>>> print(open('run.txt').read())   # compact mmCIF, C-alpha atoms
# COMPACT_ATOMS: atom_id res chain seq x y z
CA MET A 1269 189.59 20.17 88.08
CA PRO A 1270 192.24 18.02 89.87
CA GLN A 1271 190.97 14.98 91.72
CA SER A 1272 190.71 15.19 95.49
CA LEU A 1273 193.03 13.00 97.57
CA PRO A 1274 190.32 10.40 98.38
CA ASN A 1275 189.39 10.21 94.68
CA ARG A 1276 193.04 9.80 93.67
CA GLN A 1277 193.46 7.05 96.26
CA ALA A 1278 190.33 5.30 95.02
CA THR A 1279 191.57 5.54 91.43
CA ALA A 1280 194.97 4.13 92.42
CA SER A 1281 193.31 1.32 94.34
CA LYS A 1282 191.16 0.37 91.34
CA ARG A 1283 194.23 0.46 89.10
CA LEU A 1284 196.13 -1.88 91.43
CA ALA A 1285 193.16 -4.25 91.64
CA ALA A 1286 192.91 -4.35 87.86
CA SER A 1287 196.64 -5.06 87.55
CA VAL A 1288 196.40 -7.95 90.02
CA ALA A 1289 193.46 -9.48 88.13
CA GLN A 1290 195.30 -9.11 84.82
CA SER A 1291 198.52 -10.64 86.16
CA VAL A 1292 196.78 -13.88 87.19
CA ASP A 1293 194.11 -13.71 84.44
CA CYS A 1294 191.10 -13.77 86.75
CA PRO A 1295 187.86 -11.77 86.92
CA THR A 1296 188.08 -8.85 89.35
CA SER A 1297 185.10 -10.33 91.21
CA LEU A 1298 187.42 -13.10 92.44
CA LEU A 1299 189.97 -10.75 94.04
CA PRO A 1300 188.36 -10.97 97.51
CA VAL A 1301 188.95 -14.76 97.48
CA LEU A 1302 192.14 -14.82 95.41
CA SER A 1303 194.37 -15.54 98.37
CA ASP A 1304 192.31 -18.66 99.17
CA LEU A 1305 192.07 -19.62 95.50
CA LEU A 1306 195.87 -19.65 95.22
CA GLY A 1307 196.43 -21.08 98.68
CA GLY A 1308 199.13 -23.74 98.88
CA LEU A 1309 201.03 -22.31 95.90
CA ASP A 1310 204.28 -20.48 96.52
CA SER A 1311 204.70 -19.45 92.88
CA LEU A 1312 202.75 -19.69 89.63
CA GLY A 1313 205.05 -21.39 87.18
CA SER A 1314 208.54 -20.16 87.96
CA SER A 1315 211.21 -22.32 89.59
CA PRO A 1316 212.67 -20.51 92.63
CA ARG A 1317 215.51 -23.04 92.87
CA SER A 1318 216.56 -22.49 89.25
CA ILE A 1319 216.43 -18.72 89.66
CA LEU A 1320 218.57 -18.81 92.80
CA ASN A 1321 221.06 -21.02 90.99
CA LEU A 1322 221.24 -18.53 88.11
CA LEU A 1323 221.90 -15.71 90.53
CA THR A 1324 225.08 -17.38 91.81
CA HIS A 1325 226.68 -15.96 88.65
CA ALA A 1326 225.93 -12.40 89.77
CA ASP A 1327 228.17 -10.66 92.30
CA LEU A 1328 225.63 -10.15 95.08
CA GLY A 1329 226.31 -10.09 98.78
CA GLU A 1330 226.15 -8.03 101.94
CA HIS A 1331 225.67 -4.29 101.51
CA ARG A 1332 224.01 -4.89 98.14
CA THR A 1333 220.33 -4.27 97.40
CA ALA A 1334 218.00 -6.26 95.15
CA ILE A 1335 214.47 -5.45 94.02
CA ASP A 1336 211.84 -8.04 93.13
CA LEU A 1337 208.98 -6.51 91.14
CA ALA A 1338 205.73 -8.51 91.33
CA CYS A 1339 207.27 -10.51 94.17
CA GLY A 1340 204.05 -12.36 95.02
CA LYS A 1341 204.41 -14.37 98.21
CA GLY A 1342 208.09 -13.53 98.49
CA VAL A 1343 209.60 -16.97 97.85
CA ILE A 1344 212.38 -15.69 95.61
CA ALA A 1345 212.89 -12.42 97.49
CA CYS A 1346 213.37 -14.27 100.76
CA GLY A 1347 215.56 -16.86 99.05
CA VAL A 1348 217.84 -14.14 97.66
CA ALA A 1349 218.12 -12.45 101.05
CA ARG A 1350 218.95 -15.73 102.75
CA LYS A 1351 221.36 -17.11 100.15
CA PHE A 1352 223.30 -13.94 99.36
CA ARG A 1353 222.85 -12.02 102.63
CA CYS A 1354 221.79 -8.89 100.79
CA ARG A 1355 218.89 -6.50 101.31
CA VAL A 1356 215.80 -7.21 99.21
CA ILE A 1357 212.81 -4.99 98.46
CA GLY A 1358 209.74 -6.85 97.22
CA VAL A 1359 206.95 -4.95 95.49
CA ASP A 1360 203.51 -6.33 94.65
CA ALA A 1361 200.04 -4.94 94.06
CA PHE A 1362 198.26 -7.55 96.21
CA GLU A 1363 198.56 -6.95 99.95
CA PRO A 1364 197.51 -10.50 101.00
CA PHE A 1365 200.50 -11.89 99.10
CA LEU A 1366 202.77 -9.43 100.89
CA ALA A 1367 201.40 -10.58 104.25
CA ASP A 1368 202.46 -14.11 103.30
CA ALA A 1369 205.86 -12.77 102.21
CA ARG A 1370 206.45 -11.01 105.53
CA ALA A 1371 205.49 -14.16 107.43
CA ARG A 1372 207.87 -16.19 105.26
CA ALA A 1373 210.71 -13.73 105.90
CA THR A 1374 210.15 -14.10 109.64
CA ARG A 1375 210.15 -17.90 109.44
CA LEU A 1376 213.43 -17.84 107.49
CA GLY A 1377 215.05 -15.29 109.77
CA VAL A 1378 215.49 -12.64 107.06
CA GLN A 1379 212.86 -10.18 108.27
CA ASP A 1380 215.55 -7.58 108.95
CA THR A 1381 216.86 -7.67 105.36
CA CYS A 1382 213.54 -8.06 103.51
CA GLU A 1383 211.11 -5.19 102.98
CA PHE A 1384 207.79 -5.72 101.23
CA ARG A 1385 205.80 -2.83 99.78
CA VAL A 1386 202.40 -2.66 98.11
CA GLY A 1387 202.51 -0.76 94.85
CA ASP A 1388 202.22 -0.70 91.09
CA VAL A 1389 205.37 -2.41 89.78
CA ARG A 1390 205.03 -0.64 86.43
CA ARG A 1391 205.30 2.76 88.16
CA PHE A 1392 207.92 1.85 90.75
CA ARG A 1393 210.91 4.16 91.14
CA VAL A 1394 214.03 4.11 93.33
CA ARG A 1395 216.05 6.95 94.87
CA ALA A 1396 219.32 5.08 94.49
CA ARG A 1397 219.88 2.41 91.88
CA VAL A 1398 220.41 -1.16 93.01
CA ARG A 1399 222.67 -4.12 92.24
CA LEU A 1400 219.92 -6.46 91.02
CA ALA A 1401 216.36 -6.01 89.75
CA MET A 1402 214.03 -8.92 88.97
CA MET A 1403 210.69 -9.36 87.25
CA ILE A 1404 209.43 -12.92 87.30
CA GLY A 1405 206.43 -14.16 85.36
CA LEU A 1406 204.85 -10.78 84.61
CA ASP A 1407 206.06 -8.88 81.53
CA GLY A 1408 207.96 -9.97 78.46
CA ALA A 1409 211.49 -8.86 77.66
CA ASP A 1410 210.33 -5.96 75.47
CA SER A 1411 208.82 -4.12 78.44
CA ALA A 1412 210.65 -5.74 81.37
CA ALA A 1413 214.20 -5.05 80.12
CA PRO A 1414 213.93 -1.25 79.87
CA ARG A 1415 212.03 -1.07 83.14
CA LEU A 1416 214.60 -3.13 85.03
CA ARG A 1417 217.73 -1.56 83.55
CA ARG A 1418 216.55 1.86 84.76
CA LEU A 1419 216.64 0.54 88.33
CA VAL A 1420 220.15 -0.95 88.37
CA GLU A 1421 223.53 0.70 88.80
CA PRO A 1422 226.19 0.59 86.05
CA GLY A 1423 227.54 -2.94 85.89
CA GLY A 1424 224.49 -4.17 87.79
CA TRP A 1425 222.23 -7.07 86.98
CA TYR A 1426 218.64 -7.78 86.08
CA LEU A 1427 216.68 -11.02 85.73
CA ILE A 1428 213.62 -11.64 83.56
CA ASP A 1429 211.50 -14.77 83.74
CA ASP A 1430 208.92 -15.08 80.97
CA ALA A 1431 208.08 -17.18 77.90
CA VAL A 1432 208.81 -16.86 74.18
CA ALA A 1433 206.98 -18.20 71.14
CA ARG A 1434 208.16 -21.40 69.48
CA SER A 1435 207.16 -19.97 66.10
CA PRO A 1436 207.06 -16.41 64.72
CA ASP A 1437 203.61 -17.19 63.34
CA LEU A 1438 202.10 -16.82 66.82
CA GLY A 1439 202.50 -13.05 66.87
CA LEU A 1440 204.58 -13.15 70.07
CA PRO A 1441 208.34 -12.58 70.46
CA THR A 1442 210.54 -15.56 69.62
CA LEU A 1443 213.71 -16.37 71.53
CA ALA A 1444 215.86 -14.59 68.92
CA GLU A 1445 213.65 -11.50 69.10
CA ALA A 1446 213.73 -11.43 72.89
CA ARG A 1447 217.51 -11.69 72.86
CA ARG A 1448 217.75 -8.77 70.45
CA VAL A 1449 215.50 -6.65 72.68
CA ILE A 1450 217.71 -7.32 75.70
CA GLU A 1451 221.05 -6.84 73.97
CA ARG A 1452 220.29 -3.90 71.68
CA THR A 1453 221.45 -1.32 74.27
CA GLY A 1454 224.68 -3.12 75.11
CA ASP A 1455 223.42 -5.34 77.94
CA GLU A 1456 224.95 -8.82 78.12
CA ILE A 1457 222.96 -12.01 78.61
CA VAL A 1458 225.24 -13.87 81.03
CA ARG A 1459 223.03 -16.89 81.61
CA GLU A 1460 219.90 -18.24 79.95
CA SER A 1461 217.72 -21.04 81.28
CA THR A 1462 214.61 -22.91 80.21
CA MET A 1463 212.46 -25.82 81.42
CA GLN A 1464 212.11 -29.23 79.83
CA ALA A 1465 208.65 -30.08 78.51
CA SER A 1466 208.19 -32.85 81.09
CA THR A 1467 208.94 -30.40 83.91
CA ILE A 1468 206.43 -27.92 82.51
CA HIS A 1469 203.72 -30.59 82.37
CA ARG A 1470 204.36 -31.72 85.94
CA LEU A 1471 204.41 -28.18 87.27
CA ASP A 1472 201.26 -27.15 85.42
CA ALA A 1473 199.43 -30.26 86.60
CA ARG A 1474 200.37 -29.59 90.22
CA ILE A 1475 199.37 -25.93 90.03
CA TYR A 1476 196.08 -26.63 88.28
CA GLY A 1477 195.23 -29.46 90.67
CA THR A 1478 195.77 -27.19 93.68
CA ILE A 1479 193.72 -24.36 92.18
CA ALA A 1480 190.89 -26.72 91.16
CA SER A 1481 190.73 -28.15 94.67
CA ASN A 1482 190.64 -24.67 96.19
CA ALA A 1483 187.96 -23.61 93.69
CA ARG A 1484 185.68 -26.48 94.72
CA VAL A 1485 185.90 -25.39 98.36
CA LEU A 1486 185.21 -21.77 97.44
CA ALA A 1487 182.26 -22.71 95.20
CA ARG A 1488 180.58 -24.40 98.16
CA ARG A 1489 181.37 -21.45 100.41
CA HIS A 1490 180.40 -18.76 97.86
CA PRO A 1491 177.73 -20.13 95.47
CA ARG A 1492 177.42 -16.77 93.70
CA LEU A 1493 181.03 -17.09 92.52
CA ARG A 1494 180.65 -20.49 90.86
CA ALA A 1495 180.44 -19.12 87.32
CA GLN A 1496 183.51 -16.93 87.82
CA LEU A 1497 185.43 -19.81 89.36
CA ARG A 1498 184.58 -22.03 86.38
CA GLU A 1499 185.74 -19.28 84.04
CA PHE A 1500 189.01 -18.91 85.94
CA LEU A 1501 189.68 -22.64 85.77
CA LYS A 1502 188.94 -22.61 82.03
CA ARG A 1503 191.44 -19.79 81.53
CA GLN A 1504 194.04 -21.75 83.49
CA ARG A 1505 193.49 -24.86 81.35
CA ASP A 1506 193.74 -22.80 78.16
CA ALA A 1507 196.91 -21.06 79.37
CA ASN A 1508 198.51 -24.39 80.28
CA ARG A 1509 197.69 -25.76 76.84
CA VAL A 1510 199.30 -22.75 75.14
CA LEU A 1511 202.37 -22.91 77.38
CA ALA A 1512 202.85 -26.62 76.76
CA ASN A 1513 202.46 -26.42 72.98
CA ASP A 1514 203.27 -22.92 71.73
CA LEU A 1515 205.55 -21.21 74.25
CA VAL A 1516 208.94 -21.84 75.83
CA PRO A 1517 209.58 -20.61 79.41
CA MET A 1518 212.83 -18.64 79.56
CA THR A 1519 214.86 -16.95 82.27
CA TRP A 1520 217.62 -14.47 81.47
CA LEU A 1521 220.31 -13.16 83.80
CA VAL A 1522 221.61 -9.94 82.29
CA ARG A 1523 224.47 -7.61 83.17
CA THR A 1524 224.44 -3.93 82.23
CA PRO A 1525 227.55 -2.13 80.95
CA ARG A 1526 229.91 -0.82 83.61
CA ARG A 1527 229.86 2.63 82.06
CA ASP A 1528 226.64 4.49 82.74
CA ALA A 1529 225.09 5.64 79.49
CA ARG A 1530 221.97 6.91 81.32
CA ARG A 1531 219.74 4.97 78.95
CA ARG A 1532 216.03 5.46 79.03
>>> encode(input="run.txt", output="structure tokens")
Amino acid sequence: MPQSLPNRQATASKRLAASVAQSVDCPTSLLPVLSDLLGGLDSLGSSPRSILNLLTHADLGEHRTAIDLACGKGVIACGVARKFRCRVIGVDAFEPFLADARARATRLGVQDTCEFRVGDVRRFRVRARVRLAMMIGLDGADSAAPRLRRLVEPGGWYLIDDAVARSPDLGLPTLAEARRVIERTGDEIVRESTMQASTIHRLDARIYGTIASNARVLARRHPRLRAQLREFLKRQRDANRVLANDLVPMTWLVRTPRRDARRR
């Protein structure tokens, strides 16, 4: 028997909540305080300035549309709208982040060209394909590339920000493997960027310090969440250790062929 509308909505809501928890590697019990836990952080590891610099190589501008999947608090979406004067649609599964994004757009004067929607980025579809699609800090190239290229027009662009393994022994894609995944359908990597190790260490230290400070405040305010907060901080430390030693952050700016092969 098909689910009723309320049941379908409840199922969709649970799916979105699970995707949010997975994306930041936190227990679902922390979702009600996640906005406070990540307070003071505009992004979780990416460099908005570097990404905007990469995008100067793409032919964006007025009357163009960009999509930012998993846009978070809208730092990059708003930056793209402001720098290139194009329309930007930001999609994220966590409504509190989108509230921050809308407030940011208003402060920057781009509220008329930025639209923020709550939704599952892995199920997102468009009626008309766009000039640029971005996925920053969520999925690797193997899943992000096919998802993004379906959204862009022939000759359009997509941007992936993720990390690759330093060694094939880790069981994760290496840089060479990620490049092959992106280019195997004829897409062209126009620009490729990474971070220096010292920059990664500084960024991770700042992010962890902010989260740890927020966690101490929340532990006093919500004693029942102390164990989950400790677990979240442990996961963050472990992730930082892996990123610093085993992974290399990478950002790719990719152009699709001008002829539309209708690839799926």
>>> residues_around(input="run.txt", residues="segment 1305-1312 of chain A", least_positions_apart="4", cutoff="7 Å", atoms="only C-alpha atoms", output="ChimeraX atom specification")
/A:1301,1341,1343,1479,1482-1483
>>> residues_around(input="run.txt", residues="Cys1346 of chain A", least_positions_apart="6", cutoff="8 Å", atoms="only C-alpha atoms", output="PDB file with C-alpha atoms, in the frame of the given file")
ATOM      1  CA  VAL A1356     215.800  -7.210  99.210  1.00  0.00           C
ATOM      2  CA  ALA A1369     205.860 -12.770 102.210  1.00  0.00           C
ATOM      3  CA  ARG A1372     207.870 -16.190 105.260  1.00  0.00           C
ATOM      4  CA  ALA A1373     210.710 -13.730 105.900  1.00  0.00           C
ATOM      5  CA  LEU A1376     213.430 -17.840 107.490  1.00  0.00           C
ATOM      6  CA  VAL A1378     215.490 -12.640 107.060  1.00  0.00           C
ATOM      7  CA  CYS A1382     213.540  -8.060 103.510  1.00  0.00           C
TER       8      CYS A1382
END
>>> axis_aligned_box(input="run.txt", around="segment 1292-1296 of chain A", padding_each_side="5 Å", output="AutoDock Vina command-line options")
--center_x 192.3 --center_y -11.4 --center_z 86.9 --size_x 18.9 --size_y 15.0 --size_z 14.9
>>> residues_around(input="run.txt", residues="Val1394 of chain A", least_positions_apart="2", cutoff="10 Å", atoms="all atoms listed in the file", output="number ranges by chain")
A: 1335, 1392, 1396-1398, 1418-1420
>>> closest_residue(input="run.txt", among="A:Leu1302, A:Ala1289, A:Leu1328, A:Met1402", to="Leu1486 of chain A", atoms="all atoms listed in the file")
A:Leu1302
>>> atom_distance(input="run.txt", atom1="atom CA of Arg1385 of chain A", atom2="atom CA of Ile1428 of chain A")
20.0 Å
>>> closest_residue(input="run.txt", among="A:Ser1303, A:Ser1315, A:Thr1324, A:Thr1524", to="Ile1344 of chain A", atoms="only C-alpha atoms")
A:Ser1315
>>> residues_around(input="run.txt", residues="segment 1500-1512 of chain A", least_positions_apart="5", cutoff="9 Å", atoms="all atoms listed in the file", output="list in words")
Asp1293, Cys1294, Pro1295, Leu1298, Ala1431, Ala1465, Ile1468, His1469, Asp1472, Ala1473, Tyr1476, Ile1479, Ala1480, Ala1483, Ala1495 and Pro1517 of chain A
>>> atom_distance(input="run.txt", atom1="atom CA of Asp1514 of chain A", atom2="atom CA of Val1458 of chain A")
25.5 Å
>>> closest_residue(input="run.txt", among="A:Thr1478, A:Ser1318, A:Thr1374, A:Thr1467", to="Leu1521 of chain A", atoms="all atoms listed in the file")
A:Ser1318
>>> atom_distance(input="run.txt", atom1="atom CA of Glu1460 of chain A", atom2="atom CA of Pro1316 of chain A")
14.8 Å
>>> closest_residue(input="run.txt", among="A:Ser1461, A:Gly1342, A:Asp1388, A:Phe1352", to="Ala1371 of chain A", atoms="all atoms listed in the file")
A:Gly1342
>>> residues_around(input="run.txt", residues="Thr1453 of chain A", least_positions_apart="2", cutoff="9 Å", atoms="all atoms listed in the file", output="VMD selection string")
chain A and resid 1449 to 1451 1455 1524 1531
>>> closest_residue(input="run.txt", among="A:Gly1377, A:Pro1300, A:Gly1347, A:Gly1408", to="Pro1364 of chain A", atoms="only C-alpha atoms")
A:Pro1300
>>> closest_residue(input="run.txt", among="A:Ala1285, A:Thr1442, A:Phe1365, A:Pro1525", to="Asp1304 of chain A", atoms="all atoms listed in the file")
A:Phe1365
>>> residues_near_point(input="run.txt", point="(208.1, -5.6, 87.5)", cutoff="8 Å", atoms="only C-alpha atoms", output="list in words")
Asp1336, Leu1337, Ala1338, Val1389, Arg1390, Met1402, Met1403, Ile1404, Leu1406, Asp1407, Ala1412, Arg1415 and Leu1416 of chain A
>>> residues_near_point(input="run.txt", point="(211.8, -19.5, 78.0)", cutoff="8 Å", atoms="only C-alpha atoms", output="VMD selection string")
chain A and resid 1429 to 1432 1443 1461 to 1463 1515 to 1519
>>> build_atoms(input="run.txt", residues="segment 1490-1526 of chain A", atoms="N, CA and C atoms", output="CSV table (one decimal), in the coordinates of the input")
chain,number,residue,atom,x,y,z
A,1490,HIS,N,180.9,-20.0,98.5
A,1490,HIS,CA,180.4,-18.8,97.9
A,1490,HIS,C,179.7,-19.2,96.6
A,1491,PRO,N,178.4,-19.6,96.7
A,1491,PRO,CA,177.7,-20.1,95.5
A,1491,PRO,C,177.6,-19.1,94.4
A,1492,ARG,N,177.6,-17.8,94.7
A,1492,ARG,CA,177.4,-16.8,93.7
A,1492,ARG,C,178.7,-16.6,92.8
A,1493,LEU,N,179.8,-17.2,93.3
A,1493,LEU,CA,181.0,-17.1,92.5
A,1493,LEU,C,181.3,-18.3,91.6
A,1494,ARG,N,180.4,-19.2,91.6
A,1494,ARG,CA,180.6,-20.5,90.9
A,1494,ARG,C,181.0,-20.2,89.4
A,1495,ALA,N,180.2,-19.4,88.7
A,1495,ALA,CA,180.4,-19.1,87.3
A,1495,ALA,C,181.8,-18.5,87.1
A,1496,GLN,N,182.2,-17.6,88.0
A,1496,GLN,CA,183.5,-16.9,87.8
A,1496,GLN,C,184.6,-17.9,88.1
A,1497,LEU,N,184.4,-18.8,89.1
A,1497,LEU,CA,185.4,-19.8,89.4
A,1497,LEU,C,185.6,-20.8,88.2
A,1498,ARG,N,184.5,-21.2,87.6
A,1498,ARG,CA,184.6,-22.0,86.4
A,1498,ARG,C,185.3,-21.3,85.3
A,1499,GLU,N,185.1,-20.0,85.1
A,1499,GLU,CA,185.7,-19.3,84.0
A,1499,GLU,C,187.2,-19.2,84.3
A,1500,PHE,N,187.6,-19.0,85.6
A,1500,PHE,CA,189.0,-18.9,85.9
A,1500,PHE,C,189.7,-20.2,85.7
A,1501,LEU,N,189.1,-21.3,86.0
A,1501,LEU,CA,189.7,-22.6,85.8
A,1501,LEU,C,189.8,-22.9,84.3
A,1502,LYS,N,188.8,-22.5,83.5
A,1502,LYS,CA,188.9,-22.6,82.0
A,1502,LYS,C,190.1,-21.8,81.5
A,1503,ARG,N,190.3,-20.6,82.0
A,1503,ARG,CA,191.4,-19.8,81.5
A,1503,ARG,C,192.8,-20.5,81.9
A,1504,GLN,N,192.8,-21.1,83.1
A,1504,GLN,CA,194.0,-21.8,83.5
A,1504,GLN,C,194.3,-22.9,82.6
A,1505,ARG,N,193.3,-23.7,82.3
A,1505,ARG,CA,193.5,-24.9,81.4
A,1505,ARG,C,194.0,-24.4,80.0
A,1506,ASP,N,193.3,-23.3,79.5
A,1506,ASP,CA,193.7,-22.8,78.2
A,1506,ASP,C,195.2,-22.3,78.2
A,1507,ALA,N,195.5,-21.6,79.3
A,1507,ALA,CA,196.9,-21.1,79.4
A,1507,ALA,C,197.9,-22.2,79.4
A,1508,ASN,N,197.6,-23.2,80.2
A,1508,ASN,CA,198.5,-24.4,80.3
A,1508,ASN,C,198.7,-25.1,78.9
A,1509,ARG,N,197.6,-25.1,78.2
A,1509,ARG,CA,197.7,-25.8,76.8
A,1509,ARG,C,198.6,-24.9,75.9
A,1510,VAL,N,198.5,-23.6,76.0
A,1510,VAL,CA,199.3,-22.8,75.1
A,1510,VAL,C,200.8,-22.9,75.6
A,1511,LEU,N,201.0,-22.8,76.9
A,1511,LEU,CA,202.4,-22.9,77.4
A,1511,LEU,C,203.0,-24.2,77.0
A,1512,ALA,N,202.3,-25.3,77.1
A,1512,ALA,CA,202.8,-26.6,76.8
A,1512,ALA,C,203.1,-26.8,75.3
A,1513,ASN,N,202.3,-26.2,74.4
A,1513,ASN,CA,202.5,-26.4,73.0
A,1513,ASN,C,203.1,-25.3,72.2
A,1514,ASP,N,202.9,-24.0,72.6
A,1514,ASP,CA,203.3,-22.9,71.7
A,1514,ASP,C,204.4,-22.0,72.3
A,1515,LEU,N,204.6,-22.1,73.6
A,1515,LEU,CA,205.6,-21.2,74.2
A,1515,LEU,C,206.7,-22.0,74.9
A,1516,VAL,N,207.8,-21.3,75.1
A,1516,VAL,CA,208.9,-21.8,75.8
A,1516,VAL,C,209.3,-20.9,77.0
A,1517,PRO,N,209.2,-21.4,78.3
A,1517,PRO,CA,209.6,-20.6,79.4
A,1517,PRO,C,211.1,-20.3,79.3
A,1518,MET,N,211.4,-19.0,79.6
A,1518,MET,CA,212.8,-18.6,79.6
A,1518,MET,C,213.1,-17.7,80.7
A,1519,THR,N,214.4,-17.9,81.2
A,1519,THR,CA,214.9,-17.0,82.3
A,1519,THR,C,216.2,-16.4,81.8
A,1520,TRP,N,216.4,-15.1,81.9
A,1520,TRP,CA,217.6,-14.5,81.5
A,1520,TRP,C,218.2,-13.7,82.7
A,1521,LEU,N,219.5,-14.0,82.9
A,1521,LEU,CA,220.3,-13.2,83.8
A,1521,LEU,C,221.2,-12.2,83.0
A,1522,VAL,N,221.0,-10.9,83.2
A,1522,VAL,CA,221.6,-9.9,82.3
A,1522,VAL,C,222.5,-9.0,83.1
A,1523,ARG,N,223.6,-8.6,82.5
A,1523,ARG,CA,224.5,-7.6,83.2
A,1523,ARG,C,224.5,-6.4,82.3
A,1524,THR,N,224.4,-5.2,83.0
A,1524,THR,CA,224.4,-3.9,82.2
A,1524,THR,C,225.9,-3.5,82.1
A,1525,PRO,N,226.2,-2.6,81.1
A,1525,PRO,CA,227.6,-2.1,81.0
A,1525,PRO,C,228.0,-1.4,82.2
A,1526,ARG,N,229.3,-1.5,82.4
A,1526,ARG,CA,229.9,-0.8,83.6
A,1526,ARG,C,229.9,0.7,83.5
